[in-house]
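Trainee: Got a file for you: final-v6.cif, mmCIF, C-alpha atoms.
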```
data_data
loop_
_atom_site.label_atom_id
_atom_site.label_comp_id
_atom_site.auth_asym_id
_atom_site.auth_seq_id
_atom_site.Cartn_x
_atom_site.Cartn_y
_atom_site.Cartn_z
CA MET Y 1 -22.75 -22.74 0.07
CA LYS Y 2 -24.45 -20.39 -2.36
CA PRO Y 3 -21.98 -18.21 -4.28
CA LEU Y 4 -22.46 -14.49 -3.86
CA ASN Y 5 -22.70 -11.85 -6.55
CA VAL Y 6 -20.00 -9.32 -5.70
CA LEU Y 7 -19.35 -5.96 -7.35
CA VAL Y 8 -15.82 -4.62 -6.94
CA SER Y 9 -15.06 -0.97 -7.64
CA ALA Y 10 -11.46 -0.66 -8.84
CA TYR Y 11 -10.64 2.67 -10.47
CA ALA Y 12 -7.03 1.48 -10.75
CA CYS Y 13 -6.80 -2.09 -12.05
CA GLN Y 14 -4.21 -3.30 -14.56
CA PRO Y 15 -2.12 -6.45 -15.02
CA ASN Y 16 1.66 -6.38 -14.64
CA MET Y 17 1.61 -3.18 -12.61
CA GLY Y 18 2.52 -2.26 -9.06
CA SER Y 19 1.08 0.25 -6.64
CA GLU Y 20 -2.66 1.07 -6.99
CA PRO Y 21 -3.25 -0.74 -10.31
CA GLY Y 22 -1.58 -3.81 -8.83
CA VAL Y 23 -3.80 -3.69 -5.73
CA GLY Y 24 -6.93 -3.65 -7.88
CA TRP Y 25 -5.72 -6.35 -10.27
CA HIS Y 26 -4.34 -8.82 -7.75
CA THR Y 27 -7.35 -8.47 -5.47
CA VAL Y 28 -9.90 -9.38 -8.13
CA GLN Y 29 -7.72 -12.08 -9.70
CA ALA Y 30 -7.27 -13.85 -6.40
CA LEU Y 31 -10.96 -13.51 -5.56
CA ALA Y 32 -11.90 -15.41 -8.71
CA ASN Y 33 -10.67 -18.61 -7.09
CA HIS Y 34 -13.07 -18.41 -4.18
CA HIS Y 35 -16.52 -19.51 -5.25
CA HIS Y 36 -18.13 -16.09 -5.68
CA ARG Y 37 -19.19 -14.44 -8.93
CA ILE Y 38 -17.18 -11.25 -9.37
CA TRP Y 39 -18.00 -8.15 -11.42
CA VAL Y 40 -15.36 -5.43 -11.61
CA LEU Y 41 -16.15 -1.82 -12.41
CA THR Y 42 -13.07 0.05 -13.65
CA ARG Y 43 -11.90 2.81 -16.01
CA GLU Y 44 -12.32 2.58 -19.75
CA SER Y 45 -8.59 3.31 -20.12
CA ASN Y 46 -7.82 -0.02 -18.41
CA ARG Y 47 -9.75 -2.04 -21.01
CA ASP Y 48 -6.95 -2.63 -23.54
CA ALA Y 49 -4.46 -3.90 -20.98
CA ILE Y 50 -7.02 -6.20 -19.35
CA GLU Y 51 -8.37 -7.66 -22.59
CA THR Y 52 -4.86 -8.11 -23.99
CA PHE Y 53 -3.89 -10.01 -20.87
CA TYR Y 54 -6.80 -12.42 -21.20
CA ARG Y 55 -6.16 -12.97 -24.92
CA GLU Y 56 -2.53 -13.80 -24.24
CA HIS Y 57 -3.22 -16.04 -21.27
CA ASP Y 58 -6.44 -17.63 -22.51
CA ASN Y 59 -7.59 -17.68 -18.93
CA ALA Y 60 -11.33 -17.66 -18.21
CA THR Y 61 -11.44 -16.61 -14.57
CA GLY Y 62 -15.13 -16.03 -14.10
CA ILE Y 63 -14.58 -12.31 -13.63
CA THR Y 64 -16.79 -9.92 -15.59
CA PHE Y 65 -15.31 -6.48 -16.25
CA ALA Y 66 -17.45 -3.39 -16.84
CA TYR Y 67 -15.96 -0.09 -17.92
CA CYS Y 68 -17.01 3.54 -17.54
CA ASP Y 69 -15.61 7.05 -17.83
CA PRO Y 70 -16.45 10.30 -16.05
CA PRO Y 71 -19.49 12.05 -17.56
CA GLY Y 72 -19.35 14.71 -20.29
CA VAL Y 73 -16.29 16.90 -20.59
CA THR Y 74 -15.00 15.75 -17.21
CA LYS Y 75 -13.60 12.68 -18.96
CA LEU Y 76 -10.99 15.06 -20.44
CA LEU Y 77 -9.56 15.71 -16.98
CA ARG Y 78 -6.18 14.18 -16.25
CA PRO Y 79 -6.58 10.55 -15.12
CA ALA Y 80 -5.32 9.57 -11.67
CA GLN Y 81 -5.84 13.10 -10.34
CA VAL Y 82 -8.47 13.89 -7.68
CA PRO Y 83 -11.03 15.63 -9.97
CA HIS Y 84 -11.01 12.81 -12.55
CA TYR Y 85 -11.28 10.22 -9.79
CA TYR Y 86 -14.17 12.08 -8.12
CA PHE Y 87 -16.22 12.38 -11.28
CA TRP Y 88 -15.46 8.78 -12.17
CA GLN Y 89 -17.05 7.80 -8.88
CA LEU Y 90 -20.25 9.55 -10.00
CA ALA Y 91 -20.24 7.67 -13.30
CA ALA Y 92 -19.49 4.43 -11.49
CA TYR Y 93 -22.59 4.84 -9.35
CA GLY Y 94 -24.80 5.13 -12.44
CA ALA Y 95 -23.18 2.08 -14.00
CA ALA Y 96 -23.41 0.14 -10.74
CA LYS Y 97 -27.14 0.85 -10.39
CA LYS Y 98 -27.78 -0.69 -13.80
CA LEU Y 99 -25.59 -3.69 -13.02
CA HIS Y 100 -27.36 -4.18 -9.69
CA GLN Y 101 -30.74 -4.24 -11.42
CA GLN Y 102 -29.45 -7.02 -13.66
CA HIS Y 103 -27.49 -9.12 -11.16
CA SER Y 104 -28.75 -8.27 -7.64
CA PHE Y 105 -25.41 -7.94 -5.90
CA ASP Y 106 -24.98 -9.34 -2.41
CA ILE Y 107 -21.86 -7.30 -1.61
CA VAL Y 108 -20.31 -4.13 -3.03
CA HIS Y 109 -16.63 -3.53 -2.31
CA HIS Y 110 -14.53 -0.44 -3.08
CA VAL Y 111 -10.90 -1.49 -3.58
CA THR Y 112 -9.09 1.34 -5.40
CA TYR Y 113 -8.14 4.08 -5.08
CA VAL Y 114 -6.76 3.40 -1.63
CA ARG Y 115 -7.79 6.90 -0.51
CA TYR Y 116 -9.89 7.65 2.56
CA SER Y 117 -10.77 11.29 1.84
CA THR Y 118 -12.67 10.82 -1.44
CA PRO Y 119 -16.17 9.29 -1.31
CA SER Y 120 -17.48 6.20 -3.05
CA PHE Y 121 -21.04 6.76 -4.24
CA LEU Y 122 -21.49 3.01 -4.53
CA SER Y 123 -22.17 3.13 -0.79
CA LEU Y 124 -25.62 4.46 -1.78
CA LEU Y 125 -26.62 1.09 -3.24
CA PRO Y 126 -28.98 -0.94 -1.00
CA VAL Y 127 -26.30 -3.59 -0.50
CA PRO Y 128 -23.73 -4.22 2.28
CA PHE Y 129 -20.77 -2.01 1.39
CA ILE Y 130 -17.08 -2.54 2.21
CA TRP Y 131 -14.80 0.47 1.86
CA GLY Y 132 -11.13 -0.23 1.51
CA PRO Y 133 -8.41 -0.77 2.23
CA VAL Y 134 -8.16 3.01 2.23
CA GLY Y 135 -5.25 5.07 3.48
CA GLY Y 136 -3.78 8.55 3.38
CA GLY Y 137 -4.27 9.59 7.00
CA GLU Y 138 -0.55 9.25 7.69
CA GLN Y 139 1.52 12.41 8.16
CA ALA Y 140 5.16 13.26 8.63
CA PRO Y 141 5.41 14.11 12.35
CA ALA Y 142 5.79 17.84 12.94
CA ALA Y 143 9.20 17.45 14.60
CA PHE Y 144 10.63 16.16 11.29
CA TRP Y 145 9.61 19.21 9.27
CA ALA Y 146 12.75 21.02 10.41
CA ASP Y 147 14.68 18.91 7.90
CA PHE Y 148 12.39 19.83 4.99
CA ASN Y 149 13.09 22.54 2.44
CA LEU Y 150 10.41 25.02 1.39
CA ARG Y 151 9.11 22.87 -1.45
CA ALA Y 152 8.77 19.87 0.86
CA ARG Y 153 6.89 21.90 3.47
CA VAL Y 154 4.51 23.25 0.85
CA TYR Y 155 3.91 19.70 -0.37
CA GLU Y 156 3.11 18.46 3.14
CA ARG Y 157 0.72 21.35 3.80
CA LEU Y 158 -1.06 20.87 0.48
CA ARG Y 159 -1.34 17.15 1.01
CA ARG Y 160 -2.86 17.60 4.43
CA SER Y 161 -5.18 20.37 3.18
CA VAL Y 162 -6.50 18.16 0.37
CA HIS Y 163 -7.31 15.39 2.83
CA LEU Y 164 -8.99 17.82 5.26
CA LEU Y 165 -11.10 19.26 2.43
CA GLY Y 166 -12.06 15.73 1.51
CA GLU Y 167 -13.14 15.11 5.10
CA LEU Y 168 -15.43 18.16 4.89
CA ASP Y 169 -17.21 16.66 1.88
CA PRO Y 170 -20.56 15.34 3.20
CA PHE Y 171 -20.36 12.46 0.73
CA THR Y 172 -17.06 11.30 2.29
CA ARG Y 173 -18.73 11.26 5.69
CA MET Y 174 -21.70 9.49 4.14
CA THR Y 175 -19.39 6.82 2.69
CA ALA Y 176 -17.79 6.21 6.09
CA GLN Y 177 -21.11 6.03 7.88
CA ARG Y 178 -22.88 3.81 5.32
CA SER Y 179 -20.02 1.30 5.15
CA GLN Y 180 -20.77 -1.94 6.91
CA LEU Y 181 -17.01 -2.30 7.26
CA VAL Y 182 -14.14 0.09 6.60
CA ARG Y 183 -10.68 -1.38 6.09
CA ALA Y 184 -7.94 1.12 6.97
CA THR Y 185 -4.34 0.57 5.91
CA THR Y 186 -2.91 2.07 9.11
CA GLN Y 187 -3.81 3.12 12.64
CA GLU Y 188 -3.46 6.76 11.59
CA THR Y 189 -6.06 6.41 8.83
CA ALA Y 190 -8.33 4.39 11.13
CA ALA Y 191 -8.41 7.32 13.56
CA ARG Y 192 -9.45 9.72 10.78
CA LEU Y 193 -12.21 7.33 9.62
CA GLN Y 194 -13.61 6.96 13.11
CA LYS Y 195 -13.87 10.75 13.35
CA LEU Y 196 -15.85 10.64 10.10
CA GLY Y 197 -18.36 8.32 11.75
CA ALA Y 198 -17.26 4.90 10.54
CA LYS Y 199 -18.78 2.37 12.90
CA THR Y 200 -16.62 -0.68 12.23
CA VAL Y 201 -12.98 -0.18 11.23
CA GLU Y 202 -10.30 -2.85 10.91
CA ILE Y 203 -6.63 -2.52 10.01
CA CYS Y 204 -5.84 -4.18 6.69
CA GLY Y 205 -2.81 -3.37 4.59
CA GLU Y 206 -3.14 -2.73 0.88
CA SER Y 207 0.09 -4.53 -0.06
CA GLY Y 208 0.46 -8.17 -0.98
CA LEU Y 209 2.52 -10.61 -3.04
CA SER Y 210 1.45 -13.60 -5.09
CA THR Y 211 2.63 -17.03 -4.02
CA THR Y 212 4.64 -17.21 -7.24
CA GLU Y 213 6.36 -13.93 -6.40
CA ILE Y 214 7.02 -15.02 -2.82
CA ASP Y 215 8.63 -18.22 -4.12
CA ARG Y 216 10.76 -16.22 -6.55
CA LEU Y 217 11.87 -13.80 -3.84
CA SER Y 218 12.68 -16.63 -1.44
CA ASP Y 219 15.23 -17.81 -4.01
CA VAL Y 220 17.18 -14.55 -3.75
CA SER Y 221 20.42 -15.64 -2.11
CA LEU Y 222 21.85 -14.24 1.09
CA PRO Y 223 25.32 -12.66 0.91
CA GLY Y 224 28.20 -14.74 2.09
CA ASP Y 225 31.10 -13.59 4.23
CA THR Y 226 31.30 -10.14 2.67
CA SER Y 227 31.35 -6.54 3.79
CA PHE Y 228 28.24 -5.42 5.66
CA ARG Y 229 25.79 -3.79 3.23
CA VAL Y 230 22.51 -1.98 3.85
CA MET Y 231 19.99 -1.19 1.09
CA SER Y 232 17.09 1.21 0.62
CA MET Y 233 14.72 1.12 -2.34
CA ALA Y 234 12.65 4.27 -2.76
CA ARG Y 235 11.99 7.32 -4.84
CA LEU Y 236 14.30 10.08 -3.67
CA LEU Y 237 11.60 12.28 -2.13
CA HIS Y 238 11.75 14.22 1.12
CA TRP Y 239 9.12 12.12 2.88
CA LYS Y 240 10.92 8.89 2.11
CA GLY Y 241 13.29 9.90 4.92
CA LEU Y 242 16.51 8.83 3.23
CA HIS Y 243 18.33 11.75 4.85
CA LEU Y 244 17.65 10.04 8.19
CA GLY Y 245 19.00 6.76 6.85
CA ILE Y 246 22.22 8.45 5.71
CA ARG Y 247 22.63 10.18 9.07
CA ALA Y 248 22.09 6.90 10.92
CA PHE Y 249 24.59 5.08 8.72
CA ALA Y 250 27.17 7.84 9.29
CA LYS Y 251 26.63 7.78 13.06
CA ALA Y 252 26.75 4.00 13.43
CA ASN Y 253 30.06 2.50 14.50
CA LEU Y 254 30.27 0.19 11.51
CA PRO Y 255 33.28 -1.47 9.86
CA LYS Y 256 35.09 0.87 7.49
CA ASP Y 257 34.18 -1.27 4.50
CA ALA Y 258 30.42 -1.18 5.27
CA GLU Y 259 28.27 0.30 2.51
CA TYR Y 260 24.79 1.76 2.12
CA TRP Y 261 23.19 1.26 -1.29
CA ILE Y 262 20.26 3.45 -2.33
CA ALA Y 263 18.24 2.34 -5.35
CA GLY Y 264 15.93 4.98 -6.78
CA GLU Y 265 15.81 8.37 -8.42
CA GLY Y 266 14.14 11.65 -7.58
CA PRO Y 267 14.46 15.38 -6.86
CA GLU Y 268 16.27 14.91 -3.53
CA ARG Y 269 19.27 13.12 -5.01
CA GLN Y 270 21.61 16.11 -5.07
CA ALA Y 271 20.74 17.09 -1.50
CA LEU Y 272 21.30 13.51 -0.32
CA GLU Y 273 24.66 13.30 -2.09
CA GLN Y 274 25.68 16.58 -0.48
CA LEU Y 275 24.62 15.27 2.93
CA ALA Y 276 26.70 12.13 2.48
CA ASP Y 277 29.68 14.29 1.53
CA ARG Y 278 29.27 16.54 4.61
CA LEU Y 279 29.10 13.48 6.86
CA ASN Y 280 32.25 11.98 5.24
CA VAL Y 281 30.49 8.82 4.06
CA SER Y 282 30.21 9.61 0.35
CA GLU Y 283 32.64 6.77 -0.46
CA GLN Y 284 30.47 4.27 1.42
CA ILE Y 285 27.08 5.37 0.13
CA LYS Y 286 26.27 4.25 -3.41
CA PHE Y 287 23.45 5.92 -5.31
CA LEU Y 288 22.39 3.25 -7.79
CA GLY Y 289 19.70 5.24 -9.60
CA ARG Y 290 16.53 3.66 -10.89
CA LEU Y 291 17.14 0.00 -11.73
CA PRO Y 292 15.12 -2.67 -13.57
CA ARG Y 293 13.48 -5.09 -11.16
CA ALA Y 294 15.83 -7.96 -11.95
CA GLU Y 295 18.87 -5.77 -11.32
CA THR Y 296 17.36 -4.43 -8.11
CA LEU Y 297 16.94 -7.98 -6.80
CA ALA Y 298 20.49 -8.78 -7.85
CA LYS Y 299 21.73 -5.85 -5.79
CA LEU Y 300 19.52 -6.89 -2.86
CA SER Y 301 21.10 -10.36 -2.94
CA GLN Y 302 24.41 -8.66 -2.05
CA CYS Y 303 22.92 -6.79 0.94
CA HIS Y 304 22.19 -7.94 4.49
CA LEU Y 305 19.13 -5.86 5.38
CA LEU Y 306 16.67 -3.23 4.19
CA MET Y 307 16.45 0.19 5.79
CA HIS Y 308 13.09 1.80 4.99
CA PRO Y 309 13.06 5.28 6.55
CA SER Y 310 9.77 6.54 5.09
CA LEU Y 311 7.93 9.11 7.23
CA HIS Y 312 4.44 8.37 5.88
CA ASP Y 313 3.64 5.28 3.85
CA SER Y 314 0.21 3.70 3.56
CA GLY Y 315 1.75 0.59 2.06
CA GLY Y 316 5.42 -0.27 2.09
CA TRP Y 317 5.70 -2.89 -0.65
CA VAL Y 318 9.49 -2.98 -0.46
CA CYS Y 319 9.32 -4.10 3.17
CA LEU Y 320 7.31 -7.17 2.15
CA GLU Y 321 9.68 -7.90 -0.73
CA ALA Y 322 12.73 -7.64 1.52
CA MET Y 323 11.11 -9.83 4.18
CA ALA Y 324 10.26 -12.43 1.50
CA THR Y 325 13.97 -12.59 0.61
CA GLY Y 326 14.92 -13.18 4.26
CA ARG Y 327 16.22 -9.68 5.01
CA PRO Y 328 15.49 -7.96 8.33
CA VAL Y 329 13.87 -4.54 8.00
CA ILE Y 330 14.70 -1.35 9.91
CA CYS Y 331 11.86 1.19 9.76
CA LEU Y 332 9.74 3.62 11.74
CA ASP Y 333 6.89 2.41 13.91
CA THR Y 334 4.39 4.31 11.80
CA GLY Y 335 2.30 3.88 8.66
CA GLY Y 336 2.09 0.71 6.60
CA PRO Y 337 5.52 -0.69 7.57
CA ALA Y 338 4.45 -0.67 11.22
CA THR Y 339 1.72 -3.21 10.40
CA GLN Y 340 4.09 -5.41 8.38
CA VAL Y 341 7.25 -5.47 10.46
CA THR Y 342 7.20 -7.02 13.94
CA GLU Y 343 9.82 -7.42 16.66
CA GLN Y 344 10.35 -10.91 15.29
CA THR Y 345 11.10 -9.73 11.72
CA GLY Y 346 12.96 -6.44 12.10
CA ILE Y 347 13.56 -3.34 14.16
CA LYS Y 348 11.13 -0.42 14.16
CA VAL Y 349 11.51 2.68 16.27
CA PRO Y 350 8.99 5.36 17.28
CA ALA Y 351 9.11 8.62 15.32
CA HIS Y 352 9.47 11.17 18.13
CA TYR Y 353 12.12 13.47 16.63
CA PRO Y 354 14.92 13.17 14.07
CA GLN Y 355 17.94 12.82 16.38
CA GLN Y 356 16.21 10.11 18.41
CA VAL Y 357 15.45 8.13 15.24
CA VAL Y 358 19.01 8.53 13.94
CA GLU Y 359 20.49 7.31 17.23
CA GLU Y 360 18.18 4.29 17.51
CA TRP Y 361 18.71 3.32 13.88
CA ALA Y 362 22.47 3.67 14.29
CA GLU Y 363 22.31 1.33 17.29
CA ALA Y 364 20.17 -1.12 15.27
CA LEU Y 365 22.68 -1.09 12.41
CA CYS Y 366 25.51 -1.86 14.82
CA ARG Y 367 23.59 -4.76 16.37
CA LEU Y 368 22.71 -6.29 13.03
CA SER Y 369 26.15 -5.80 11.51
CA SER Y 370 27.83 -7.78 14.28
CA ASN Y 371 25.17 -10.42 14.99
CA ILE Y 372 24.78 -12.81 12.07
CA GLU Y 373 22.53 -15.15 14.06
CA LEU Y 374 20.12 -12.29 14.82
CA ARG Y 375 19.99 -11.30 11.15
CA HIS Y 376 19.17 -14.84 10.10
CA ARG Y 377 16.52 -15.27 12.80
CA LEU Y 378 14.76 -12.03 11.90
CA GLY Y 379 15.04 -12.82 8.19
CA GLU Y 380 13.52 -16.30 8.48
CA ALA Y 381 10.67 -14.97 10.60
CA GLY Y 382 10.04 -12.31 7.96
CA ARG Y 383 9.81 -14.92 5.21
CA GLN Y 384 7.27 -16.89 7.19
CA ARG Y 385 5.23 -13.81 8.08
CA VAL Y 386 4.89 -12.82 4.43
CA ARG Y 387 3.70 -16.33 3.52
CA ASP Y 388 1.25 -16.47 6.41
CA TYR Y 389 -0.33 -13.03 6.13
CA PHE Y 390 0.61 -11.14 2.96
CA SER Y 391 0.12 -13.46 0.01
CA TRP Y 392 -2.75 -12.40 -2.26
CA GLU Y 393 -4.09 -15.91 -1.97
CA THR Y 394 -4.32 -15.67 1.82
CA LYS Y 395 -5.77 -12.17 1.71
CA SER Y 396 -8.40 -13.15 -0.87
CA ARG Y 397 -9.39 -16.25 1.09
CA GLN Y 398 -10.04 -14.08 4.13
CA LEU Y 399 -11.90 -11.55 2.00
CA ALA Y 400 -14.11 -14.22 0.41
CA GLN Y 401 -15.09 -15.41 3.89
CA LEU Y 402 -15.73 -11.83 4.95
CA TYR Y 403 -18.19 -11.44 2.08
CA LEU Y 404 -20.08 -14.50 3.32
CA ASP Y 405 -20.13 -13.24 6.89
CA LEU Y 406 -21.42 -9.79 5.96
CA ALA Y 407 -24.02 -11.17 3.56
CA GLU Y 408 -25.26 -13.58 6.24
CA LYS Y 409 -25.37 -10.80 8.82
CA SER Y 410 -27.31 -8.57 6.43
CA SER Y 411 -29.73 -11.38 5.64
CA THR Y 412 -30.32 -12.01 9.34
CA ILE Y 413 -31.03 -8.32 9.99
CA THR Y 414 -33.45 -8.21 7.03
CA ASP Y 415 -35.27 -11.33 8.23
CA GLU Y 416 -35.61 -9.89 11.73
CA SER Y 417 -36.95 -6.61 10.33
CA LEU Y 418 -39.54 -8.44 8.24
CA SER Y 419 -40.54 -10.49 11.24
CA CYS Y 420 -41.13 -7.35 13.29
CA VAL Y 421 -43.23 -5.84 10.49
CA SER Y 422 -45.38 -8.95 10.14
#
```
Written as structure tokens, how would this file's structure read?

Mentor:
Amino acid sequence: MKPLNVLVSAYACQPNMGSEPGVGWHTVQALANHHHRIWVLTRESNRDAIETFYREHDNATGITFAYCDPPGVTKLLRPAQVPHYYFWQLAAYGAAKKLHQQHSFDIVHHVTYVRYSTPSFLSLLPVPFIWGPVGGGEQAPAAFWADFNLRARVYERLRRSVHLLGELDPFTRMTAQRSQLVRATTQETAARLQKLGAKTVEICGESGLSTTEIDRLSDVSLPGDTSFRVMSMARLLHWKGLHLGIRAFAKANLPKDAEYWIAGEGPERQALEQLADRLNVSEQIKFLGRLPRAETLAKLSQCHLLMHPSLHDSGGWVCLEAMATGRPVICLDTGGPATQVTEQTGIKVPAHYPQQVVEEWAEALCRLSSNIELRHRLGEAGRQRVRDYFSWETKSRQLAQLYLDLAEKSSTITDESLSCVS
């Protein structure tokens, strides 16, 4: 089978990083093992980290990196912010045109940023274009705003306004409509993309783990016959929903020695500590602060399950990590976690209103605290689900086949068009 020439657009792409840079890096690294020739277009500021990695690992992967910056003075804008990202997309189109003239790409694929409301001008190239995974269409349900302070409400309104402005950009609509396939991280984002005119949308999460990482996480031990412990790992932000987790823990009829450990730091810490004090659970709730990864995993090894109360998450990496360690997950049936967690691997509840969520989570905590067999069954199913669907190797294998399918489809359409002309 003839290898394809594939151009990947990855604004964020760095080794040994999580979040967006990790999505870009792991995607292209895993793709290198699947027959195709890969070119990656990324930011100039990623060059040092990428080249240092290859010098240290002496690993010729067959990936060719190309670098560009926004044009003119716009390169002085703050990286990772919307204006810098937008102008970088313009520069990337110019660079991609030149690369296409040299290499005749069969597929162009936008990978990062994972953001649906900013266009990719690479969709203008005369090549089948894949957009995504892209996310951002998730919102905190209106009923939950009652718990937010003024700053949190302003944040939510600004966030939504930025996305709506992005949707009004004709180039965003153009990107959606010119994409042969759009990969949305969640159902919520898929609905926004369909309104923009995307013809073919599939749900595909941004998050993944390498096989090596999955093996390492599977070695994290389960707690023995100890006090029941619940853990959350998140920045302490309003939309992470940790106030709901604390309320659920306080409401649940749990043993008196049960504990809720929260790993992370952020502006909501004081408010969360005050909430725990008002609910008379401050002795049972431990705020661990921001921990190194090794220490976080050590703490997780002492806990029985993960509670992930986020109100809008495109990804949900911690859910995958907890599942890989054999922990059940309690979460909302919304956003990225809703695509990761199933009835066989955890408990997810609909986000109708705060009190309903608190009551259903409290009931879930009681069930899992008293039923060891259920915890183990959900945990083992979670481990298997991560291996089957969320390893970078599995995701890249599916993506490599997708490239072939789209290239073949495009070739068939071109042949039919030429036949009609002749």

Trainee: Given 3 Å on each side, where is the centre and what are the edge lengths in Å to one decimal of the axis-aligned box enclosing the listed atoms of region 350-353 of chain Y, as lines of an AutoDock Vina configuration file?

Mentor:
```
center_x = 10.6
center_y = 9.4
center_z = 16.7
size_x = 9.1
size_y = 14.1
size_z = 8.8
```

Trainee: I want to know what sits within 12 Å of Ala92 (chain Y), based on only C-alpha atoms, with residues of the same chain fewer than 2 positions away left out; could you give that as a tab-separated table (two decimals) with C-alpha atoms, keeping the file's coordinate frame?

Mentor:
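The resulting part33.tsv:
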```
chain	number	residue	atom	x	y	z
Y	7	LEU	CA	-19.35	-5.96	-7.35
Y	8	VAL	CA	-15.82	-4.62	-6.94
Y	9	SER	CA	-15.06	-0.97	-7.64
Y	10	ALA	CA	-11.46	-0.66	-8.84
Y	11	TYR	CA	-10.64	2.67	-10.47
Y	40	VAL	CA	-15.36	-5.43	-11.61
Y	41	LEU	CA	-16.15	-1.82	-12.41
Y	42	THR	CA	-13.07	0.05	-13.65
Y	43	ARG	CA	-11.90	2.81	-16.01
Y	44	GLU	CA	-12.32	2.58	-19.75
Y	66	ALA	CA	-17.45	-3.39	-16.84
Y	67	TYR	CA	-15.96	-0.09	-17.92
Y	68	CYS	CA	-17.01	3.54	-17.54
Y	69	ASP	CA	-15.61	7.05	-17.83
Y	70	PRO	CA	-16.45	10.30	-16.05
Y	71	PRO	CA	-19.49	12.05	-17.56
Y	84	HIS	CA	-11.01	12.81	-12.55
Y	85	TYR	CA	-11.28	10.22	-9.79
Y	86	TYR	CA	-14.17	12.08	-8.12
Y	87	PHE	CA	-16.22	12.38	-11.28
Y	88	TRP	CA	-15.46	8.78	-12.17
Y	89	GLN	CA	-17.05	7.80	-8.88
Y	90	LEU	CA	-20.25	9.55	-10.00
Y	94	GLY	CA	-24.80	5.13	-12.44
Y	95	ALA	CA	-23.18	2.08	-14.00
Y	96	ALA	CA	-23.41	0.14	-10.74
Y	97	LYS	CA	-27.14	0.85	-10.39
Y	98	LYS	CA	-27.78	-0.69	-13.80
Y	99	LEU	CA	-25.59	-3.69	-13.02
Y	100	HIS	CA	-27.36	-4.18	-9.69
Y	110	HIS	CA	-14.53	-0.44	-3.08
Y	119	PRO	CA	-16.17	9.29	-1.31
Y	120	SER	CA	-17.48	6.20	-3.05
Y	121	PHE	CA	-21.04	6.76	-4.24
Y	122	LEU	CA	-21.49	3.01	-4.53
Y	123	SER	CA	-22.17	3.13	-0.79
Y	124	LEU	CA	-25.62	4.46	-1.78
Y	125	LEU	CA	-26.62	1.09	-3.24
```

Trainee: Carefully work through the PyMOL selection byres ((chain Y and resi 302) around 9) for this structure and note down the residues it includes, as a list in words.

Mentor: Ser221, Leu222, Pro223, Gly224, Thr226, Arg229, Leu297, Ala298, Lys299, Leu300, Ser301, Cys303 and His304 of chain Y

Trainee: Write out, as a PDB file, keeping the file's coordinate frame, the residues just selected, with C-alpha atoms.

Mentor:
```pdb
ATOM      1  CA  SER Y 221      20.420 -15.640  -2.110  1.00  0.00           C
ATOM      2  CA  LEU Y 222      21.850 -14.240   1.090  1.00  0.00           C
ATOM      3  CA  PRO Y 223      25.320 -12.660   0.910  1.00  0.00           C
ATOM      4  CA  GLY Y 224      28.200 -14.740   2.090  1.00  0.00           C
ATOM      5  CA  THR Y 226      31.300 -10.140   2.670  1.00  0.00           C
ATOM      6  CA  ARG Y 229      25.790  -3.790   3.230  1.00  0.00           C
ATOM      7  CA  LEU Y 297      16.940  -7.980  -6.800  1.00  0.00           C
ATOM      8  CA  ALA Y 298      20.490  -8.780  -7.850  1.00  0.00           C
ATOM      9  CA  LYS Y 299      21.730  -5.850  -5.790  1.00  0.00           C
ATOM     10  CA  LEU Y 300      19.520  -6.890  -2.860  1.00  0.00           C
ATOM     11  CA  SER Y 301      21.100 -10.360  -2.940  1.00  0.00           C
ATOM     12  CA  CYS Y 303      22.920  -6.790   0.940  1.00  0.00           C
ATOM     13  CA  HIS Y 304      22.190  -7.940   4.490  1.00  0.00           C
TER      14      HIS Y 304
END
```

Trainee: Apply the PyMOL selection byres ((chain Y and resi 310-318) around 8) to the file shown and report the selected residues as a list in words.

Mentor: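 That expression, the PyMOL selection byres ((chain Y and resi 310-318) around 8), corresponds here to Gly135, Gly136, Glu138, Gln139, Ala140, Pro141, Thr185, Thr186, Gly205, Glu206, Ser207, Gly208, Met233, Trp239, Lys240, Gly241, Leu242, His308, Pro309, Cys319, Leu320, Glu321, Ala322, Cys331, Leu332, Thr334, Gly335, Gly336 and Pro337 of chain Y.
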
Trainee: Would you mind reading off the distance between CA of Pro128 (chain Y) and CA of Asp169 (chain Y), one decimal, in Å?

Mentor: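 If I compute the distance from CA of Pro128 (chain Y) to CA of Asp169 (chain Y), I get 21.9 Å.
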
Trainee: Can you work out which one of Y:Ala91, Y:Cys13, Y:Met307, Y:Leu31 has the shortest atom-to-atom distance to Arg397 (chain Y), counting only C-alpha atoms?

Mentor: Y:Leu31

Trainee: What's around Glu393 (chain Y) at 8 Å? Count only C-alpha atoms, leave out sequence neighbours fewer than 4 positions away in its own chain, and write the answer as a ChimeraX atom specification.

Mentor: /Y:30,210-211,397

Trainee: Using all atoms listed in the file, can you tell me which of Y:Arg157, Y:His352, Y:Arg387, Y:Lys395 comes closest to Ala143 (chain Y)?

Mentor: Y:His352

Trainee: Between Y:Ala142, Y:Ala80, Y:Ala248, Y:Leu165, which residue has the minimum interatomic distance to Gln356 (chain Y), considering all atoms listed in the file?

Mentor: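 Counting all atoms listed in the file, the residue closest to Gln356 (chain Y) is Y:Ala248.
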
Trainee: Which residues come within 9 Å of Gly166 (chain Y), counting only C-alpha atoms, excluding same-chain residues fewer than 4 positions away, as a ChimeraX atom specification?

Mentor: /Y:116-119,161-162,170-172

Trainee: Would you put the residues from that selection into a file with C-alpha atoms, as a compact mmCIF listing (two decimals), in the frame of the given file?

Mentor:
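And here's result.txt as it stands now:
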```
# COMPACT_ATOMS: atom_id res chain seq x y z
CA TYR Y 116 -9.89 7.65 2.56
CA SER Y 117 -10.77 11.29 1.84
CA THR Y 118 -12.67 10.82 -1.44
CA PRO Y 119 -16.17 9.29 -1.31
CA SER Y 161 -5.18 20.37 3.18
CA VAL Y 162 -6.50 18.16 0.37
CA PRO Y 170 -20.56 15.34 3.20
CA PHE Y 171 -20.36 12.46 0.73
CA THR Y 172 -17.06 11.30 2.29
```
